$ cat final11.pdb   # PDB, C-alpha atoms
ATOM      1  CA  MET F   1       1.786 -38.687 -11.328
ATOM      2  CA  ALA F   2       3.527 -40.824 -13.944
ATOM      3  CA  GLY F   3       6.748 -39.478 -15.370
ATOM      4  CA  ARG F   4       7.678 -37.150 -12.529
ATOM      5  CA  GLU F   5      10.844 -37.212 -10.436
ATOM      6  CA  PRO F   6      10.542 -39.397  -7.297
ATOM      7  CA  LEU F   7      10.367 -37.358  -4.125
ATOM      8  CA  SER F   8      11.695 -37.615  -0.573
ATOM      9  CA  VAL F   9      10.135 -35.633   2.278
ATOM     10  CA  VAL F  10      12.417 -34.875   5.239
ATOM     11  CA  VAL F  11      11.225 -33.776   8.691
ATOM     12  CA  ILE F  12      13.167 -33.266  11.911
ATOM     13  CA  THR F  13      11.290 -33.753  15.170
ATOM     14  CA  TYR F  14      11.404 -33.349  18.914
ATOM     15  CA  ASN F  15       8.199 -33.871  20.902
ATOM     16  CA  ASN F  16       5.965 -32.898  17.987
ATOM     17  CA  ALA F  17       3.119 -35.330  18.660
ATOM     18  CA  ASP F  18       0.583 -32.484  18.580
ATOM     19  CA  THR F  19       1.277 -31.542  14.937
ATOM     20  CA  LEU F  20       3.175 -34.395  13.269
ATOM     21  CA  ASP F  21       0.166 -36.497  12.293
ATOM     22  CA  ARG F  22      -1.352 -33.621  10.274
ATOM     23  CA  CYS F  23       2.020 -32.885   8.682
ATOM     24  CA  LEU F  24       2.680 -36.458   7.537
ATOM     25  CA  ARG F  25      -0.916 -37.167   6.505
ATOM     26  CA  GLU F  26      -0.609 -34.598   3.701
ATOM     27  CA  VAL F  27       2.585 -36.140   2.285
ATOM     28  CA  ASP F  28       1.682 -39.840   2.492
ATOM     29  CA  TRP F  29       1.805 -39.998  -1.329
ATOM     30  CA  VAL F  30       5.575 -39.508  -1.623
ATOM     31  CA  GLU F  31       7.970 -42.371  -2.370
ATOM     32  CA  ASP F  32      10.246 -41.741   0.619
ATOM     33  CA  LEU F  33       9.470 -40.221   4.013
ATOM     34  CA  VAL F  34      12.365 -39.476   6.404
ATOM     35  CA  VAL F  35      11.935 -38.432  10.043
ATOM     36  CA  LEU F  36      15.061 -37.589  12.039
ATOM     37  CA  ASP F  37      14.184 -37.363  15.730
ATOM     38  CA  SER F  38      16.192 -35.779  18.554
ATOM     39  CA  GLY F  39      15.073 -38.080  21.365
ATOM     40  CA  SER F  40      11.372 -37.377  21.776
ATOM     41  CA  ASP F  41       9.672 -38.741  24.887
ATOM     42  CA  ASP F  42       6.099 -38.340  23.605
ATOM     43  CA  ASP F  43       4.336 -40.185  20.754
ATOM     44  CA  THR F  44       6.311 -38.491  17.971
ATOM     45  CA  VAL F  45       8.252 -41.576  16.851
ATOM     46  CA  ALA F  46       5.199 -43.844  16.996
ATOM     47  CA  ILE F  47       3.229 -41.400  14.834
ATOM     48  CA  ALA F  48       6.052 -41.224  12.306
ATOM     49  CA  ARG F  49       6.190 -45.009  12.039
ATOM     50  CA  GLN F  50       2.410 -45.202  11.627
ATOM     51  CA  HIS F  51       2.865 -43.149   8.462
ATOM     52  CA  GLY F  52       5.575 -45.469   7.143
ATOM     53  CA  ALA F  53       8.458 -43.088   7.740
ATOM     54  CA  ARG F  54      12.056 -44.198   8.044
ATOM     55  CA  VAL F  55      12.893 -42.968  11.534
ATOM     56  CA  GLU F  56      16.404 -42.309  12.798
ATOM     57  CA  THR F  57      17.594 -40.610  15.990
ATOM     58  CA  HIS F  58      20.428 -38.114  16.412
ATOM     59  CA  PRO F  59      21.067 -35.629  19.246
ATOM     60  CA  PHE F  60      20.130 -32.092  18.259
ATOM     61  CA  ASP F  61      23.064 -29.700  17.921
ATOM     62  CA  ASP F  62      21.578 -26.988  15.710
ATOM     63  CA  TYR F  63      18.751 -26.596  13.211
ATOM     64  CA  GLY F  64      20.882 -26.408  10.058
ATOM     65  CA  PRO F  65      23.132 -29.423  10.712
ATOM     66  CA  GLN F  66      20.169 -31.543  11.869
ATOM     67  CA  LYS F  67      18.191 -30.701   8.739
ATOM     68  CA  GLN F  68      21.201 -31.499   6.572
ATOM     69  CA  ARG F  69      21.515 -34.925   8.203
ATOM     70  CA  ALA F  70      17.886 -35.629   7.299
ATOM     71  CA  ILE F  71      18.486 -34.432   3.728
ATOM     72  CA  ASP F  72      21.523 -36.724   3.469
ATOM     73  CA  MET F  73      19.301 -39.656   4.503
ATOM     74  CA  ALA F  74      16.922 -39.098   1.573
ATOM     75  CA  ARG F  75      16.785 -41.792  -1.105
ATOM     76  CA  HIS F  76      15.900 -39.454  -3.959
ATOM     77  CA  ASP F  77      17.506 -36.350  -5.447
ATOM     78  CA  TRP F  78      14.419 -34.171  -5.173
ATOM     79  CA  VAL F  79      13.610 -33.316  -1.573
ATOM     80  CA  LEU F  80      10.704 -31.535   0.099
ATOM     81  CA  ASN F  81      11.908 -30.049   3.383
ATOM     82  CA  LEU F  82       9.155 -29.568   5.974
ATOM     83  CA  ASP F  83       9.046 -28.788   9.682
ATOM     84  CA  ALA F  84       6.922 -30.978  11.932
ATOM     85  CA  ASP F  85       4.343 -28.198  12.356
ATOM     86  CA  GLU F  86       3.978 -27.433   8.625
ATOM     87  CA  ILE F  87       1.062 -28.800   6.609
ATOM     88  CA  LEU F  88       0.548 -28.805   2.841
ATOM     89  CA  SER F  89      -2.725 -27.156   1.836
ATOM     90  CA  PRO F  90      -5.281 -28.936  -0.375
ATOM     91  CA  GLY F  91      -4.200 -28.865  -4.019
ATOM     92  CA  THR F  92      -0.489 -28.394  -3.288
ATOM     93  CA  ARG F  93       0.286 -32.051  -4.012
ATOM     94  CA  GLU F  94      -0.915 -31.661  -7.598
ATOM     95  CA  VAL F  95       1.130 -28.477  -8.077
ATOM     96  CA  ILE F  96       4.291 -30.173  -6.777
ATOM     97  CA  GLU F  97       3.767 -33.256  -8.925
ATOM     98  CA  ARG F  98       3.363 -31.157 -12.079
ATOM     99  CA  ALA F  99       6.526 -29.208 -11.200
ATOM    100  CA  LEU F 100       8.522 -32.439 -10.885
ATOM    101  CA  VAL F 101       7.758 -33.543 -14.441
ATOM    102  CA  ALA F 102      11.044 -32.674 -16.202
ATOM    103  CA  PRO F 103      11.996 -29.801 -13.815
ATOM    104  CA  ASP F 104      14.323 -27.204 -15.372
ATOM    105  CA  VAL F 105      15.295 -25.382 -12.150
ATOM    106  CA  ALA F 106      17.340 -26.204  -9.052
ATOM    107  CA  GLY F 107      14.462 -25.623  -6.675
ATOM    108  CA  TYR F 108      11.006 -24.228  -6.019
ATOM    109  CA  ARG F 109       9.718 -21.805  -3.416
ATOM    110  CA  LEU F 110       6.400 -22.586  -1.761
ATOM    111  CA  PRO F 111       4.310 -19.744  -0.285
ATOM    112  CA  ARG F 112       3.741 -20.193   3.445
ATOM    113  CA  ARG F 113       0.812 -19.014   5.525
ATOM    114  CA  GLU F 114       1.400 -18.513   9.231
ATOM    115  CA  ARG F 115      -0.808 -19.576  12.110
ATOM    116  CA  MET F 116      -1.800 -16.363  13.813
ATOM    117  CA  PHE F 117      -2.689 -17.551  17.297
ATOM    118  CA  TRP F 118      -6.431 -18.296  17.078
ATOM    119  CA  GLY F 119      -6.553 -18.285  13.256
ATOM    120  CA  VAL F 120      -4.535 -18.742  10.081
ATOM    121  CA  GLN F 121      -3.136 -16.000   7.861
ATOM    122  CA  HIS F 122      -5.663 -14.825   5.263
ATOM    123  CA  ARG F 123      -5.120 -16.301   1.790
ATOM    124  CA  HIS F 124      -5.161 -12.859   0.185
ATOM    125  CA  SER F 125      -2.478 -11.371   2.409
ATOM    126  CA  HIS F 126       1.129 -11.581   1.293
ATOM    127  CA  ARG F 127       2.627 -15.052   1.725
ATOM    128  CA  ASN F 128       6.407 -15.298   1.968
ATOM    129  CA  GLY F 129       7.933 -17.853  -0.385
ATOM    130  CA  HIS F 130      10.307 -20.419   1.118
ATOM    131  CA  LEU F 131      12.713 -22.638  -0.817
ATOM    132  CA  ARG F 132      11.546 -26.060   0.349
ATOM    133  CA  LEU F 133      11.423 -28.232  -2.794
ATOM    134  CA  PHE F 134      14.874 -28.658  -4.311
ATOM    135  CA  ASP F 135      17.417 -30.885  -6.040
ATOM    136  CA  ARG F 136      19.810 -31.892  -3.272
ATOM    137  CA  ARG F 137      22.584 -32.455  -5.828
ATOM    138  CA  ARG F 138      22.606 -28.678  -6.281
ATOM    139  CA  GLY F 139      22.296 -27.409  -2.719
ATOM    140  CA  GLY F 140      21.580 -27.907   0.962
ATOM    141  CA  MET F 141      21.287 -26.084   4.276
ATOM    142  CA  ASN F 142      23.295 -22.931   4.965
ATOM    143  CA  ASP F 143      24.955 -22.229   8.322
ATOM    144  CA  VAL F 144      22.894 -19.247   9.553
ATOM    145  CA  GLU F 145      22.070 -19.622  13.252
ATOM    146  CA  VAL F 146      18.385 -20.051  14.105
ATOM    147  CA  HIS F 147      17.141 -19.250  10.592
ATOM    148  CA  ALA F 148      19.168 -21.792   8.588
ATOM    149  CA  ALA F 149      17.592 -22.350   5.171
ATOM    150  CA  VAL F 150      18.151 -24.198   1.908
ATOM    151  CA  GLU F 151      20.438 -22.614  -0.679
ATOM    152  CA  VAL F 152      20.908 -23.986  -4.200
ATOM    153  CA  ASP F 153      23.238 -23.361  -7.108
ATOM    154  CA  GLY F 154      20.890 -22.544  -9.958
ATOM    155  CA  PRO F 155      17.569 -20.921 -10.815
ATOM    156  CA  VAL F 156      14.607 -21.044  -8.431
ATOM    157  CA  ARG F 157      10.929 -20.630  -9.260
ATOM    158  CA  THR F 158       7.949 -19.899  -6.996
ATOM    159  CA  LEU F 159       4.955 -22.256  -7.151
ATOM    160  CA  ARG F 160       2.350 -19.550  -6.594
ATOM    161  CA  GLU F 161      -0.579 -21.977  -6.825
ATOM    162  CA  ALA F 162       0.894 -24.025  -3.974
ATOM    163  CA  ASP F 163       0.512 -23.295  -0.285
ATOM    164  CA  PHE F 164       1.499 -24.651   3.111
ATOM    165  CA  VAL F 165       0.591 -23.617   6.642
ATOM    166  CA  ASN F 166       2.927 -23.209   9.587
ATOM    167  CA  ASP F 167       0.779 -24.529  12.436
ATOM    168  CA  GLY F 168       3.211 -23.544  15.174
ATOM    169  CA  ASP F 169       2.329 -20.617  17.451
ATOM    170  CA  ALA F 170      -1.078 -21.416  18.920
ATOM    171  CA  ASP F 171      -1.000 -18.561  21.454
ATOM    172  CA  ILE F 172       0.764 -15.284  22.154
ATOM    173  CA  ALA F 173       2.847 -16.675  25.037
ATOM    174  CA  THR F 174       4.350 -19.343  22.766
ATOM    175  CA  ARG F 175       5.166 -16.714  20.166
ATOM    176  CA  VAL F 176       6.847 -14.422  22.691
ATOM    177  CA  ASP F 177       8.946 -17.294  24.090
ATOM    178  CA  LYS F 178      10.088 -18.148  20.560
ATOM    179  CA  ILE F 179      10.884 -14.500  19.806
ATOM    180  CA  ASN F 180      13.099 -14.342  22.895
ATOM    181  CA  ARG F 181      14.993 -17.521  21.939
ATOM    182  CA  TYR F 182      15.377 -16.640  18.275
ATOM    183  CA  SER F 183      16.528 -13.073  18.897
ATOM    184  CA  SER F 184      19.225 -14.351  21.274
ATOM    185  CA  GLY F 185      20.289 -16.934  18.712
ATOM    186  CA  MET F 186      20.745 -14.301  16.015
ATOM    187  CA  VAL F 187      23.256 -12.203  17.978
ATOM    188  CA  ALA F 188      26.320 -14.295  17.047
ATOM    189  CA  HIS F 189      25.369 -14.220  13.357
ATOM    190  CA  LYS F 190      24.958 -10.450  13.337
ATOM    191  CA  LEU F 191      28.197  -9.945  15.258
ATOM    192  CA  ARG F 192      30.053 -11.900  12.566
ATOM    193  CA  ARG F 193      28.463  -9.757   9.857
ATOM    194  CA  ARG F 194      29.589  -6.611  11.701
ATOM    195  CA  GLN F 195      26.270  -4.951  11.016
ATOM    196  CA  ARG F 196      26.479  -1.181  11.421
ATOM    197  CA  PHE F 197      24.111   1.501  12.736
ATOM    198  CA  THR F 198      22.648  -0.813  15.373
ATOM    199  CA  GLY F 199      21.036   1.995  17.367
ATOM    200  CA  VAL F 200      19.395   3.525  14.298
ATOM    201  CA  ARG F 201      18.079   0.139  13.227
ATOM    202  CA  MET F 202      16.750  -0.511  16.740
ATOM    203  CA  VAL F 203      14.756   2.746  16.643
ATOM    204  CA  LEU F 204      13.575   2.874  13.022
ATOM    205  CA  TYR F 205      13.201  -0.690  11.785
ATOM    206  CA  PRO F 206      10.481  -1.984  14.197
ATOM    207  CA  PRO F 207       7.824   0.601  13.164
ATOM    208  CA  VAL F 208       8.762   0.173   9.509
ATOM    209  CA  PHE F 209       8.411  -3.598   9.909
ATOM    210  CA  PHE F 210       4.987  -3.190  11.531
ATOM    211  CA  LEU F 211       3.668  -0.968   8.738
ATOM    212  CA  ARG F 212       5.044  -3.298   6.088
ATOM    213  CA  GLN F 213       3.402  -6.337   7.663
ATOM    214  CA  TYR F 214       0.085  -4.821   8.689
ATOM    215  CA  LEU F 215      -0.601  -2.601   5.680
ATOM    216  CA  PHE F 216       1.540  -3.546   2.692
ATOM    217  CA  LYS F 217       1.473  -7.302   3.313
ATOM    218  CA  ARG F 218      -2.234  -7.009   4.209
ATOM    219  CA  TYR F 219      -2.098  -8.666   7.603
ATOM    220  CA  PHE F 220      -5.079  -6.456   8.483
ATOM    221  CA  LEU F 221      -7.191  -8.988   6.527
ATOM    222  CA  SER F 222      -6.672 -11.378   9.462
ATOM    223  CA  GLY F 223      -8.323  -9.007  11.929
ATOM    224  CA  TRP F 224      -6.913  -8.627  15.437
ATOM    225  CA  ALA F 225      -4.768 -11.734  14.956
ATOM    226  CA  GLY F 226      -2.998  -9.974  12.084
ATOM    227  CA  PHE F 227      -2.502  -6.863  14.229
ATOM    228  CA  VAL F 228      -0.984  -8.873  17.103
ATOM    229  CA  ALA F 229       1.225 -10.824  14.664
ATOM    230  CA  SER F 230       2.503  -7.551  13.184
ATOM    231  CA  VAL F 231       3.245  -6.095  16.625
ATOM    232  CA  THR F 232       5.061  -9.204  17.868
ATOM    233  CA  GLY F 233       7.027  -9.328  14.611
ATOM    234  CA  ALA F 234       8.134  -5.730  15.176
ATOM    235  CA  PHE F 235       9.064  -6.658  18.749
ATOM    236  CA  TYR F 236      11.249  -9.481  17.416
ATOM    237  CA  VAL F 237      13.060  -7.009  15.159
ATOM    238  CA  PHE F 238      13.563  -4.650  18.115
ATOM    239  CA  LEU F 239      14.944  -7.439  20.318
ATOM    240  CA  LYS F 240      17.434  -8.572  17.654
ATOM    241  CA  TYR F 241      19.038  -5.141  17.477
ATOM    242  CA  ALA F 242      18.675  -4.389  21.200
ATOM    243  CA  LYS F 243      20.501  -7.614  22.077
ATOM    244  CA  LEU F 244      23.135  -6.910  19.416
ATOM    245  CA  TYR F 245      23.674  -3.434  20.899
ATOM    246  CA  GLU F 246      23.925  -4.955  24.390
ATOM    247  CA  ALA F 247      26.450  -7.581  23.244
ATOM    248  CA  ARG F 248      28.675  -4.963  21.631
ATOM    249  CA  ARG F 249      28.435  -2.675  24.667
ATOM    250  CA  ASN F 250      29.385  -5.557  26.992
ATOM    251  CA  ALA F 251      32.285  -6.532  24.718
ATOM    252  CA  ARG F 252      33.631  -2.940  24.766
ATOM    253  CA  ALA F 253      33.302  -2.770  28.546
ATOM    254  CA  HIS F 254      35.182  -6.053  28.861
ATOM    255  CA  ASP F 255      37.976  -4.820  26.566
ATOM    256  CA  ASP F 256      38.237  -1.535  28.487
ATOM    257  CA  GLY F 257      38.486  -3.455  31.749
ATOM    258  CA  GLN F 258      41.289  -5.628  30.428
ATOM    259  CA  ARG F 259      43.241  -2.603  29.198
ATOM    260  CA  ARG F 260      42.965  -0.943  32.625
ATOM    261  CA  GLU F 261      44.348  -4.092  34.217
TER     262      GLU F 261
END

$ encode --input "final11.pdb" --output "structure tokens"
Amino acid sequence: MAGREPLSVVVITYNNADTLDRCLREVDWVEDLVVLDSGSDDDTVAIARQHGARVETHPFDDYGPQKQRAIDMARHDWVLNLDADEILSPGTREVIERALVAPDVAGYRLPRRERMFWGVQHRHSHRNGHLRLFDRRRGGMNDVEVHAAVEVDGPVRTLREADFVNDGDADIATRVDKINRYSSGMVAHKLRRRQRFTGVRMVLYPPVFFLRQYLFKRYFLSGWAGFVASVTGAFYVFLKYAKLYEARRNARAHDDGQRRE
């Protein structure tokens, strides 16, 4: 679209050959496409180059720093930050292009629909907005473990007509493996925040989370896939606080042992 801000898309990759082609195919209209790879040994890099991406390689240390490196590689101030398993829905290009004509905010949230195992989240269920389109002069990645995200200095607007799909968890086993890794990764962050009432949260928050997802966010519209997604989400919440409780208990036991010595 004439008169809009030029746009860079940044993607970090590691063995994402199964999803990367679909991801990049929906953003082949942008002026600058950056792929920062972590040493893939499948066809990831070849697929990126087929789409005209500028491909660089850097060892992966953590999600936030790796994403920030990709953002720093961008040629333009406005950046669309995508994961290799995220795909813009039809019509989202036009919404983004209109938003980039004389933008008066620091960034835009895009609603995201999740893959729910054998299906995709229903369009009429609640879609969480994620800050993915932003002016990199006014922000970048934060330092939260596992769930690092973009933060900007300035107003943010949600592009409600836009949409993108996270095409990640194709089966329950994959989801459970990810839940185990992510919940372990969040322990250090929560220890630093000194979050209180861990036991109460471990007991009460999982059922509250399930009801919020399944009923109030209308995951029931996705049938049994929505039910399973709500249950596994509640399990993730339980594991976060259970592992935090365990870490604190182990730390106290260690301190008591040292004092007895």

$ residues_around --input "final11.pdb" --residues "F:Arg75" --least-positions-apart "3" --cutoff "10 Å" --atoms "all atoms listed in the file" --output "PyMOL selection string"
chain F and resi 6-9+31-34+71-72+78-79

$ residues_near_point --input "final11.pdb" --point "(6.0, -28.2, 6.9)" --cutoff "8 Å" --atoms "all atoms listed in the file" --output "list in words"
Val11, Cys23, Asn81, Leu82, Asp83, Ala84, Asp85, Glu86, Ile87, Leu88, Phe164, Val165 and Asn166 of chain F

$ residues_around --input "final11.pdb" --residues "stretch 98-110 of chain F" --least-positions-apart "5" --cutoff "10 Å" --atoms "all atoms listed in the file" --output "count of residues only"
41

$ residues_around --input "final11.pdb" --residues "F:Ala229" --least-positions-apart "2" --cutoff "9 Å" --atoms "all atoms listed in the file" --output "CSV table (one decimal) with C-alpha atoms, keeping the file's coordinate frame"
chain,number,residue,atom,x,y,z
F,116,MET,CA,-1.8,-16.4,13.8
F,117,PHE,CA,-2.7,-17.6,17.3
F,172,ILE,CA,0.8,-15.3,22.2
F,175,ARG,CA,5.2,-16.7,20.2
F,213,GLN,CA,3.4,-6.3,7.7
F,214,TYR,CA,0.1,-4.8,8.7
F,219,TYR,CA,-2.1,-8.7,7.6
F,224,TRP,CA,-6.9,-8.6,15.4
F,225,ALA,CA,-4.8,-11.7,15.0
F,226,GLY,CA,-3.0,-10.0,12.1
F,227,PHE,CA,-2.5,-6.9,14.2
F,231,VAL,CA,3.2,-6.1,16.6
F,232,THR,CA,5.1,-9.2,17.9
F,233,GLY,CA,7.0,-9.3,14.6
F,234,ALA,CA,8.1,-5.7,15.2

$ resolve_selection --input "final11.pdb" --expression "the PyMOL selection byres ((chain F and resi 40) around 9)" --output "number ranges by chain"
F: 13-16, 37-39, 41-45

$ atom_distance --input "final11.pdb" --atom1 "atom CA of F:Asn250" --atom2 "atom CA of F:Gly199"
14.8 Å

$ closest_residue --input "final11.pdb" --among "F:Arg69, F:Arg249, F:His76, F:Arg212" --to "F:Val30" --atoms "all atoms listed in the file"
F:His76

$ closest_residue --input "final11.pdb" --among "F:Val95, F:Phe60, F:Ala17, F:Arg201" --to "F:Ile47" --atoms "all atoms listed in the file"
F:Ala17

$ closest_residue --input "final11.pdb" --among "F:Val120, F:Leu211, F:Ala242, F:Ala48" --to "F:Thr19" --atoms "all atoms listed in the file"
F:Ala48

$ atom_distance --input "final11.pdb" --atom1 "atom CA of F:Asn180" --atom2 "atom CA of F:Asp143"
20.4 Å

$ atom_distance --input "final11.pdb" --atom1 "atom CA of F:Thr57" --atom2 "atom CA of F:Ser89"
28.2 Å

$ residues_near_point --input "final11.pdb" --point "(-1.7, -10.4, 5.4)" --cutoff "6 Å" --atoms "all atoms listed in the file" --output "PyMOL selection string"
chain F and resi 122+125-126+217-219+221

$ write_last_selection --input "final11.pdb" --atoms "C-alpha atoms" --output "PDB file, in the frame of the given file"
ATOM      1  CA  HIS F 122      -5.663 -14.825   5.263  1.00  0.00           C
ATOM      2  CA  SER F 125      -2.478 -11.371   2.409  1.00  0.00           C
ATOM      3  CA  HIS F 126       1.129 -11.581   1.293  1.00  0.00           C
ATOM      4  CA  LYS F 217       1.473  -7.302   3.313  1.00  0.00           C
ATOM      5  CA  ARG F 218      -2.234  -7.009   4.209  1.00  0.00           C
ATOM      6  CA  TYR F 219      -2.098  -8.666   7.603  1.00  0.00           C
ATOM      7  CA  LEU F 221      -7.191  -8.988   6.527  1.00  0.00           C
TER       8      LEU F 221
END
